[in-house]
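Student: My structure file coords.pdb, PDB, C-alpha atoms, pLDDT in the B column, is below:
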```pdb
MODEL        1
ATOM      1  CA  MET A1240       0.117 -11.551 -17.161  1.00 92.00           C
ATOM      2  CA  ASP A1241      -3.080 -11.076 -15.185  1.00 97.00           C
ATOM      3  CA  LEU A1242      -2.987  -7.583 -13.673  1.00 97.00           C
ATOM      4  CA  ILE A1243      -5.515  -8.405 -10.976  1.00 98.00           C
ATOM      5  CA  GLU A1244      -3.599 -11.525  -9.874  1.00 98.00           C
ATOM      6  CA  VAL A1245      -0.415  -9.461  -9.618  1.00 98.00           C
ATOM      7  CA  MET A1246      -2.168  -6.833  -7.511  1.00 98.00           C
ATOM      8  CA  VAL A1247      -3.677  -9.476  -5.217  1.00 98.00           C
ATOM      9  CA  GLU A1248      -0.170 -10.913  -4.754  1.00 98.00           C
ATOM     10  CA  GLU A1249       1.137  -7.429  -3.925  1.00 98.00           C
ATOM     11  CA  HIS A1250      -1.576  -7.170  -1.293  1.00 98.00           C
ATOM     12  CA  ARG A1251      -0.050 -10.210   0.429  1.00 98.00           C
ATOM     13  CA  TYR A1252       3.295  -8.398   0.749  1.00 98.00           C
ATOM     14  CA  ILE A1253       1.575  -5.234   1.943  1.00 98.00           C
ATOM     15  CA  LYS A1254      -0.345  -7.188   4.603  1.00 98.00           C
ATOM     16  CA  ARG A1255       2.916  -8.697   5.803  1.00 98.00           C
ATOM     17  CA  MET A1256       4.306  -5.179   6.225  1.00 98.00           C
ATOM     18  CA  LEU A1257       1.179  -4.204   8.160  1.00 98.00           C
ATOM     19  CA  ALA A1258       1.935  -7.039  10.590  1.00 98.00           C
ATOM     20  CA  VAL A1259       5.507  -5.758  10.954  1.00 98.00           C
ATOM     21  CA  MET A1260       4.259  -2.234  11.667  1.00 98.00           C
ATOM     22  CA  ARG A1261       1.906  -3.498  14.341  1.00 98.00           C
ATOM     23  CA  LYS A1262       4.657  -5.452  16.107  1.00 98.00           C
ATOM     24  CA  TYR A1263       6.967  -2.436  16.048  1.00 98.00           C
ATOM     25  CA  CYS A1264       4.185  -0.288  17.507  1.00 98.00           C
ATOM     26  CA  TYR A1265       3.687  -2.794  20.293  1.00 98.00           C
ATOM     27  CA  ARG A1266       7.347  -2.377  21.167  1.00 98.00           C
ATOM     28  CA  VAL A1267       6.908   1.398  21.278  1.00 98.00           C
ATOM     29  CA  MET A1268       3.858   0.979  23.501  1.00 97.00           C
ATOM     30  CA  LYS A1269       5.878  -1.177  25.904  1.00 97.00           C
ATOM     31  CA  GLY A1270       8.358   1.682  26.218  1.00 96.00           C
ATOM     32  CA  GLU A1271      11.144   0.197  24.130  1.00 96.00           C
ATOM     33  CA  GLN A1272      13.505   2.432  22.196  1.00 95.00           C
ATOM     34  CA  ILE A1273      12.040   3.380  18.818  1.00 97.00           C
ATOM     35  CA  GLN A1274      13.991   1.796  15.986  1.00 98.00           C
ATOM     36  CA  TYR A1275      13.935   4.923  13.813  1.00 98.00           C
ATOM     37  CA  GLY A1276      15.756   3.391  10.854  1.00 98.00           C
ATOM     38  CA  ASP A1277      13.292   0.513  10.717  1.00 98.00           C
ATOM     39  CA  PHE A1278      10.295   2.857  10.909  1.00 98.00           C
ATOM     40  CA  PHE A1279      11.714   5.009   8.101  1.00 98.00           C
ATOM     41  CA  GLU A1280      12.202   1.842   6.038  1.00 98.00           C
ATOM     42  CA  MET A1281       8.540   0.960   6.653  1.00 98.00           C
ATOM     43  CA  ILE A1282       7.551   4.413   5.410  1.00 98.00           C
ATOM     44  CA  ASP A1283       9.769   3.904   2.364  1.00 98.00           C
ATOM     45  CA  PHE A1284       8.067   0.557   1.667  1.00 98.00           C
ATOM     46  CA  VAL A1285       4.612   2.106   1.996  1.00 98.00           C
ATOM     47  CA  ARG A1286       5.414   5.102  -0.174  1.00 98.00           C
ATOM     48  CA  ASN A1287       7.341   3.331  -2.893  1.00 98.00           C
ATOM     49  CA  TYR A1288       5.985  -0.208  -2.996  1.00 98.00           C
ATOM     50  CA  ALA A1289       2.436   0.009  -1.638  1.00 98.00           C
ATOM     51  CA  ASP A1290       1.657   3.483  -2.941  1.00 97.00           C
ATOM     52  CA  ARG A1291       3.797   4.346  -5.964  1.00 97.00           C
ATOM     53  CA  HIS A1292       4.169   0.810  -7.359  1.00 98.00           C
ATOM     54  CA  HIS A1293       0.884  -0.852  -6.357  1.00 98.00           C
ATOM     55  CA  HIS A1294      -1.567   2.039  -6.013  1.00 97.00           C
ATOM     56  CA  GLY A1295       0.019   3.574  -9.097  1.00 95.00           C
ATOM     57  CA  LYS A1296      -1.177   0.604 -11.169  1.00 96.00           C
ATOM     58  CA  GLU A1297      -4.616   0.804  -9.654  1.00 97.00           C
ATOM     59  CA  GLU A1298      -4.965   4.542 -10.190  1.00 97.00           C
ATOM     60  CA  LYS A1299      -3.351   4.829 -13.643  1.00 95.00           C
ATOM     61  CA  LEU A1300      -4.757   1.648 -15.121  1.00 97.00           C
ATOM     62  CA  LEU A1301      -7.611  -0.179 -13.430  1.00 98.00           C
ATOM     63  CA  PHE A1302      -9.502   2.590 -11.675  1.00 98.00           C
ATOM     64  CA  ASP A1303      -9.269   4.934 -14.638  1.00 95.00           C
ATOM     65  CA  ARG A1304     -10.720   2.299 -16.986  1.00 97.00           C
ATOM     66  CA  MET A1305     -13.436   1.381 -14.538  1.00 98.00           C
ATOM     67  CA  MET A1306     -14.605   4.981 -14.194  1.00 97.00           C
ATOM     68  CA  ASN A1307     -14.465   5.589 -17.956  1.00 96.00           C
ATOM     69  CA  GLU A1308     -16.223   2.402 -19.005  1.00 97.00           C
ATOM     70  CA  LEU A1309     -18.506   1.395 -16.163  1.00 97.00           C
ATOM     71  CA  GLY A1310     -20.106   4.730 -15.376  1.00 95.00           C
ATOM     72  CA  ARG A1311     -21.475   6.142 -12.170  1.00 96.00           C
ATOM     73  CA  PRO A1312     -21.381   3.013  -9.953  1.00 95.00           C
ATOM     74  CA  ALA A1313     -17.684   2.534 -10.690  1.00 96.00           C
ATOM     75  CA  GLU A1314     -16.982   6.230 -10.274  1.00 95.00           C
ATOM     76  CA  MET A1315     -18.673   6.244  -6.861  1.00 95.00           C
ATOM     77  CA  LEU A1316     -16.765   3.131  -5.791  1.00 96.00           C
ATOM     78  CA  VAL A1317     -13.410   4.422  -7.011  1.00 97.00           C
ATOM     79  CA  ARG A1318     -13.505   8.190  -6.552  1.00 95.00           C
ATOM     80  CA  HIS A1319     -15.431   8.259  -3.276  1.00 95.00           C
ATOM     81  CA  GLY A1320     -14.038   5.046  -1.841  1.00 96.00           C
ATOM     82  CA  MET A1321     -10.704   3.714  -3.040  1.00 97.00           C
ATOM     83  CA  LEU A1322      -9.051   7.029  -3.946  1.00 97.00           C
ATOM     84  CA  VAL A1323     -10.152   8.680  -0.696  1.00 98.00           C
ATOM     85  CA  GLU A1324      -8.622   5.774   1.221  1.00 98.00           C
ATOM     86  CA  HIS A1325      -5.386   6.015  -0.788  1.00 98.00           C
ATOM     87  CA  ASP A1326      -5.149   9.684   0.192  1.00 98.00           C
ATOM     88  CA  LEU A1327      -5.921   8.919   3.844  1.00 98.00           C
ATOM     89  CA  GLY A1328      -3.137   6.335   3.849  1.00 98.00           C
ATOM     90  CA  ARG A1329      -0.731   8.958   2.475  1.00 98.00           C
ATOM     91  CA  LEU A1330      -1.770  11.312   5.271  1.00 98.00           C
ATOM     92  CA  HIS A1331      -1.082   8.634   7.909  1.00 98.00           C
ATOM     93  CA  MET A1332       2.428   8.135   6.492  1.00 98.00           C
ATOM     94  CA  GLN A1333       3.067  11.884   6.446  1.00 98.00           C
ATOM     95  CA  GLU A1334       1.913  12.164  10.058  1.00 98.00           C
ATOM     96  CA  LEU A1335       3.909   9.072  11.095  1.00 98.00           C
ATOM     97  CA  GLU A1336       7.063  10.590   9.624  1.00 98.00           C
ATOM     98  CA  ALA A1337       6.407  13.896  11.417  1.00 98.00           C
ATOM     99  CA  ALA A1338       5.789  12.101  14.719  1.00 98.00           C
ATOM    100  CA  LEU A1339       9.028  10.121  14.413  1.00 98.00           C
ATOM    101  CA  LYS A1340      10.951  13.338  13.854  1.00 98.00           C
ATOM    102  CA  LYS A1341       9.309  14.935  16.903  1.00 98.00           C
ATOM    103  CA  VAL A1342      10.322  11.996  19.086  1.00 98.00           C
ATOM    104  CA  MET A1343      13.859  12.217  17.704  1.00 98.00           C
ATOM    105  CA  GLU A1344      13.871  15.900  18.730  1.00 98.00           C
ATOM    106  CA  GLY A1345      12.921  14.987  22.289  1.00 98.00           C
ATOM    107  CA  ASP A1346       9.121  15.150  22.264  1.00 98.00           C
ATOM    108  CA  ASP A1347       8.399  11.906  24.111  1.00 96.00           C
ATOM    109  CA  GLU A1348       4.617  12.439  23.941  1.00 97.00           C
ATOM    110  CA  ALA A1349       4.833  12.164  20.133  1.00 98.00           C
ATOM    111  CA  ARG A1350       5.361   8.426  20.668  1.00 98.00           C
ATOM    112  CA  LEU A1351       1.549   8.351  20.890  1.00 98.00           C
ATOM    113  CA  ASP A1352       1.345   9.836  17.400  1.00 98.00           C
ATOM    114  CA  VAL A1353       3.804   7.261  16.077  1.00 98.00           C
ATOM    115  CA  ILE A1354       1.560   4.474  17.334  1.00 98.00           C
ATOM    116  CA  ALA A1355      -1.703   6.200  16.374  1.00 98.00           C
ATOM    117  CA  ASN A1356      -0.711   6.860  12.772  1.00 98.00           C
ATOM    118  CA  ALA A1357       0.985   3.539  12.140  1.00 98.00           C
ATOM    119  CA  ILE A1358      -1.880   1.536  13.651  1.00 98.00           C
ATOM    120  CA  SER A1359      -4.510   3.669  11.905  1.00 98.00           C
ATOM    121  CA  TYR A1360      -2.710   2.973   8.644  1.00 98.00           C
ATOM    122  CA  THR A1361      -2.715  -0.775   9.291  1.00 98.00           C
ATOM    123  CA  HIS A1362      -6.439  -0.765  10.088  1.00 98.00           C
ATOM    124  CA  LEU A1363      -7.234   1.337   7.024  1.00 98.00           C
ATOM    125  CA  LEU A1364      -5.190  -0.849   4.686  1.00 98.00           C
ATOM    126  CA  HIS A1365      -6.566  -4.155   5.980  1.00 98.00           C
ATOM    127  CA  ARG A1366     -10.125  -2.973   5.282  1.00 98.00           C
ATOM    128  CA  HIS A1367      -9.073  -1.346   2.009  1.00 98.00           C
ATOM    129  CA  ILE A1368      -7.372  -4.497   0.726  1.00 98.00           C
ATOM    130  CA  ASP A1369     -10.356  -6.636   1.695  1.00 98.00           C
ATOM    131  CA  LYS A1370     -12.649  -4.317  -0.301  1.00 97.00           C
ATOM    132  CA  GLU A1371     -10.371  -4.344  -3.313  1.00 98.00           C
ATOM    133  CA  ASP A1372      -9.847  -8.108  -3.347  1.00 98.00           C
ATOM    134  CA  GLY A1373     -13.458  -8.941  -2.513  1.00 97.00           C
ATOM    135  CA  VAL A1374     -15.407  -6.245  -4.365  1.00 96.00           C
ATOM    136  CA  VAL A1375     -13.511  -3.820  -6.598  1.00 98.00           C
ATOM    137  CA  TYR A1376     -11.353  -6.291  -8.504  1.00 98.00           C
ATOM    138  CA  LYS A1377     -14.239  -8.735  -8.931  1.00 97.00           C
ATOM    139  CA  TYR A1378     -16.484  -5.906 -10.150  1.00 97.00           C
ATOM    140  CA  ALA A1379     -13.859  -5.003 -12.739  1.00 97.00           C
ATOM    141  CA  GLN A1380     -13.347  -8.618 -13.829  1.00 97.00           C
ATOM    142  CA  ASN A1381     -17.097  -9.203 -14.150  1.00 97.00           C
ATOM    143  CA  ASN A1382     -17.967  -5.958 -15.921  1.00 97.00           C
ATOM    144  CA  LEU A1383     -15.048  -4.723 -18.023  1.00 98.00           C
ATOM    145  CA  VAL A1384     -15.088  -6.137 -21.539  1.00 97.00           C
ATOM    146  CA  LYS A1385     -12.451  -8.706 -22.502  1.00 97.00           C
ATOM    147  CA  GLU A1386     -10.637  -6.247 -24.770  1.00 98.00           C
ATOM    148  CA  THR A1387     -10.248  -3.812 -21.887  1.00 98.00           C
ATOM    149  CA  MET A1388      -8.979  -6.518 -19.546  1.00 98.00           C
ATOM    150  CA  ASP A1389      -6.522  -7.683 -22.221  1.00 98.00           C
ATOM    151  CA  LYS A1390      -5.257  -4.133 -22.645  1.00 98.00           C
ATOM    152  CA  LEU A1391      -4.973  -3.677 -18.869  1.00 98.00           C
ATOM    153  CA  ASN A1392      -3.005  -6.916 -18.609  1.00 98.00           C
ATOM    154  CA  ALA A1393      -0.609  -5.799 -21.359  1.00 98.00           C
ATOM    155  CA  GLU A1394      -0.129  -2.349 -19.814  1.00 97.00           C
ATOM    156  CA  GLY A1395       0.309  -3.904 -16.393  1.00 97.00           C
ATOM    157  CA  GLU A1396       2.946  -6.269 -17.737  1.00 97.00           C
ATOM    158  CA  GLN A1397       4.811  -3.310 -19.204  1.00 97.00           C
ATOM    159  CA  LEU A1398       4.746  -1.487 -15.851  1.00 97.00           C
ATOM    160  CA  GLU A1399       5.897  -4.640 -14.050  1.00 97.00           C
ATOM    161  CA  GLN A1400       8.810  -5.038 -16.445  1.00 97.00           C
ATOM    162  CA  GLU A1401       9.846  -1.407 -15.921  1.00 97.00           C
ATOM    163  CA  ALA A1402       9.696  -1.922 -12.157  1.00 98.00           C
ATOM    164  CA  GLU A1403      11.748  -5.115 -12.464  1.00 98.00           C
ATOM    165  CA  ARG A1404      14.444  -3.238 -14.393  1.00 98.00           C
ATOM    166  CA  GLU A1405      14.553  -0.787 -11.476  1.00 98.00           C
ATOM    167  CA  HIS A1406      14.554  -3.729  -8.998  1.00 98.00           C
ATOM    168  CA  ILE A1407      11.489  -2.340  -7.191  1.00 98.00           C
ATOM    169  CA  GLN A1408       9.915  -5.693  -6.364  1.00 97.00           C
ATOM    170  CA  GLU A1409      13.228  -7.264  -5.369  1.00 98.00           C
ATOM    171  CA  LYS A1410      14.261  -4.317  -3.188  1.00 98.00           C
ATOM    172  CA  TYR A1411      11.029  -4.047  -1.233  1.00 98.00           C
ATOM    173  CA  ILE A1412      10.351  -7.759  -0.803  1.00 98.00           C
ATOM    174  CA  LYS A1413      13.898  -8.105   0.532  1.00 98.00           C
ATOM    175  CA  LEU A1414      13.345  -5.125   2.857  1.00 98.00           C
ATOM    176  CA  LEU A1415      10.136  -6.715   4.127  1.00 98.00           C
ATOM    177  CA  ALA A1416      11.934  -9.991   4.852  1.00 98.00           C
ATOM    178  CA  GLU A1417      14.707  -8.132   6.691  1.00 98.00           C
ATOM    179  CA  LEU A1418      12.205  -6.320   8.918  1.00 98.00           C
ATOM    180  CA  GLU A1419      10.312  -9.560   9.586  1.00 98.00           C
ATOM    181  CA  SER A1420      13.585 -11.220  10.632  1.00 98.00           C
ATOM    182  CA  LYS A1421      14.020  -8.597  13.381  1.00 97.00           C
ATOM    183  CA  LEU A1422      10.712  -9.467  15.049  1.00 95.00           C
TER     184      LEU A1422
ENDMDL
END
```
Can the structure in the file be given as structure tokens, please?
Tutor:
Amino acid sequence: MDLIEVMVEEHRYIKRMLAVMRKYCYRVMKGEQIQYGDFFEMIDFVRNYADRHHHGKEEKLLFDRMMNELGRPAEMLVRHGMLVEHDLGRLHMQELEAALKKVMEGDDEARLDVIANAISYTHLLHRHIDKEDGVVYKYAQNNLVKETMDKLNAEGEQLEQEAEREHIQEKYIKLLAELESKL
């Protein structure tokens, strides 16, 4: 298994969810009824597929090795770039969830916060994914020694197998397809 290829593939699913989020926000902007269940499923996808499953591999495996083996340039790229953006994405999801609950409680103005946080998340993640695919992953592939990449691939395969036993990939790819079918 090639860990980087797997993570690039996961980015494709995440980008599809970003497109779903944008279309749902457009509906909110047009004044349509918020589909709360669908929005909470999007949050679940982001938290458990994009963040826990995907970002978990980056943070526990790739980024850690890069910082340990490639020194200051990698540490600056990861700690002051990628990890900050991961945290900002988590904040957008926290704020999106809070805004949805406010709307459910009757605060119609919080619809603005639903749109603002969801759209901000989509913009952040599009740029973030482009940086990872175009810079971070290539930097790792070009600079980490073969033994490190081999070890990362083996550890990544183990994590993927654990996730498969828990049906993570199957569950969230199916959820994504269901949300896309409602557009």
Student: Hey, what's within 9 Å of segment 1279-1290 of chain A if we count only C-alpha atoms and toss same-chain stuff fewer than 2 positions away? As a PyMOL selection string, please?
Tutor: chain A and resi 1249-1250+1252-1253+1256+1259-1260+1274-1277+1292-1295+1325+1328-1329+1332-1333+1335-1336+1339+1407-1408+1411-1412+1414-1415+1418
Student: Would you mind reading off the distance between atom CA of Leu1327 of chain A and atom CA of Leu1301 of chain A, one decimal, in Å?
Tutor: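 Computing it gives 19.6 Å between the two atoms.
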Student: I'd like the neighbourhood of Ala1357 of chain A as a PyMOL selection string, where a residue qualifies if any of its atoms comes within 8 Å (using all atoms listed in the file), though same-chain residues fewer than 3 positions away should be ignored.
Tutor: chain A and resi 1260-1261+1264+1331-1332+1335+1353-1354+1360-1361
Student: Using only C-alpha atoms, please write the residues we just selected to a file, as a short mmCIF file (atom, residue, chain, number, x, y, z; two decimals), in the coordinates of the input.
Tutor:
```cif
data_model
loop_
_atom_site.label_atom_id
_atom_site.label_comp_id
_atom_site.auth_asym_id
_atom_site.auth_seq_id
_atom_site.Cartn_x
_atom_site.Cartn_y
_atom_site.Cartn_z
CA MET A 1260 4.26 -2.23 11.67
CA ARG A 1261 1.91 -3.50 14.34
CA CYS A 1264 4.18 -0.29 17.51
CA HIS A 1331 -1.08 8.63 7.91
CA MET A 1332 2.43 8.14 6.49
CA LEU A 1335 3.91 9.07 11.10
CA VAL A 1353 3.80 7.26 16.08
CA ILE A 1354 1.56 4.47 17.33
CA TYR A 1360 -2.71 2.97 8.64
CA THR A 1361 -2.72 -0.78 9.29
#
```
Student: Hey, can you check how far atom CA of Glu1417 of chain A sits from atom CA of Ser1359 of chain A?
Tutor: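 Atom CA of Ser1359 of chain A lies 23.1 Å from atom CA of Glu1417 of chain A.
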Student: Near Phe1302 of chain A, counting all atoms listed in the file, which residues have an atom at most 10 Å away, once you skip same-chain residues fewer than 2 positions from it, shown as a list in words?
Tutor: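 Contacts, with the query itself left out: His1294, Gly1295, Lys1296, Glu1297, Glu1298, Lys1299, Leu1300, Arg1304, Met1305, Met1306, Asn1307, Glu1308, Ala1313, Glu1314, Leu1316, Val1317, Arg1318, Met1321, Leu1322, Val1375, Tyr1376 and Ala1379 of chain A.
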Student: Find, counting all atoms listed in the file, the residue in A:Gly1320, A:Thr1387, A:Arg1255, A:Met1268 that gets nearest to Lys1370 of chain A.
Tutor: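 Answer, going by the shortest atom-to-atom distance: A:Gly1320.
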Student: What gap, in Å, lies between atom CA of Leu1330 of chain A and atom CA of Gln1272 of chain A?
Tutor: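 Rounded to one decimal, the two atoms are 24.5 Å apart.
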Student: Of the residues A:Glu1371, A:Val1267, A:His1319, A:Lys1254, which is the one nearest to Ala1349 of chain A, using all atoms listed in the file?
Tutor: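 Distance minimum relative to Ala1349 of chain A lands on A:Val1267.
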Student: Could you check which of A:Leu1242, A:Gly1270, A:Val1247, A:Tyr1378 is closest to Asp1347 of chain A, using all atoms listed in the file?
Tutor: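 Using all atoms listed in the file, Asp1347 of chain A sits closest to A:Gly1270.
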Student: Of the residues A:Glu1334, A:Arg1266, A:Leu1391, A:Asp1303, which is the one nearest to Asn1356 of chain A, using all atoms listed in the file?
Tutor: A:Glu1334
Student: With distances taken over only C-alpha atoms, which of A:Leu1363, A:Met1240, A:Ile1273, A:Leu1351 is nearest to Lys1390 of chain A?
Tutor: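 Answer, going by the shortest atom-to-atom distance: A:Met1240.
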Student: Edge lengths and centre, in Å to one decimal, as JSON: that's what I need for the box along x, y and z that holds all listed atoms of segment 1261-1266 of chain A plus 5 Å on each side.
Tutor:
```
{"center_x": 4.6, "center_y": -2.9, "center_z": 17.8, "size_x": 15.4, "size_y": 15.2, "size_z": 16.8}
```
Student: Which one of A:Leu1364, A:Ala1355, A:Lys1413, A:Val1374 sits closest to Ala1338 of chain A if you count only C-alpha atoms?
Tutor: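 Distance minimum relative to Ala1338 of chain A lands on A:Ala1355.
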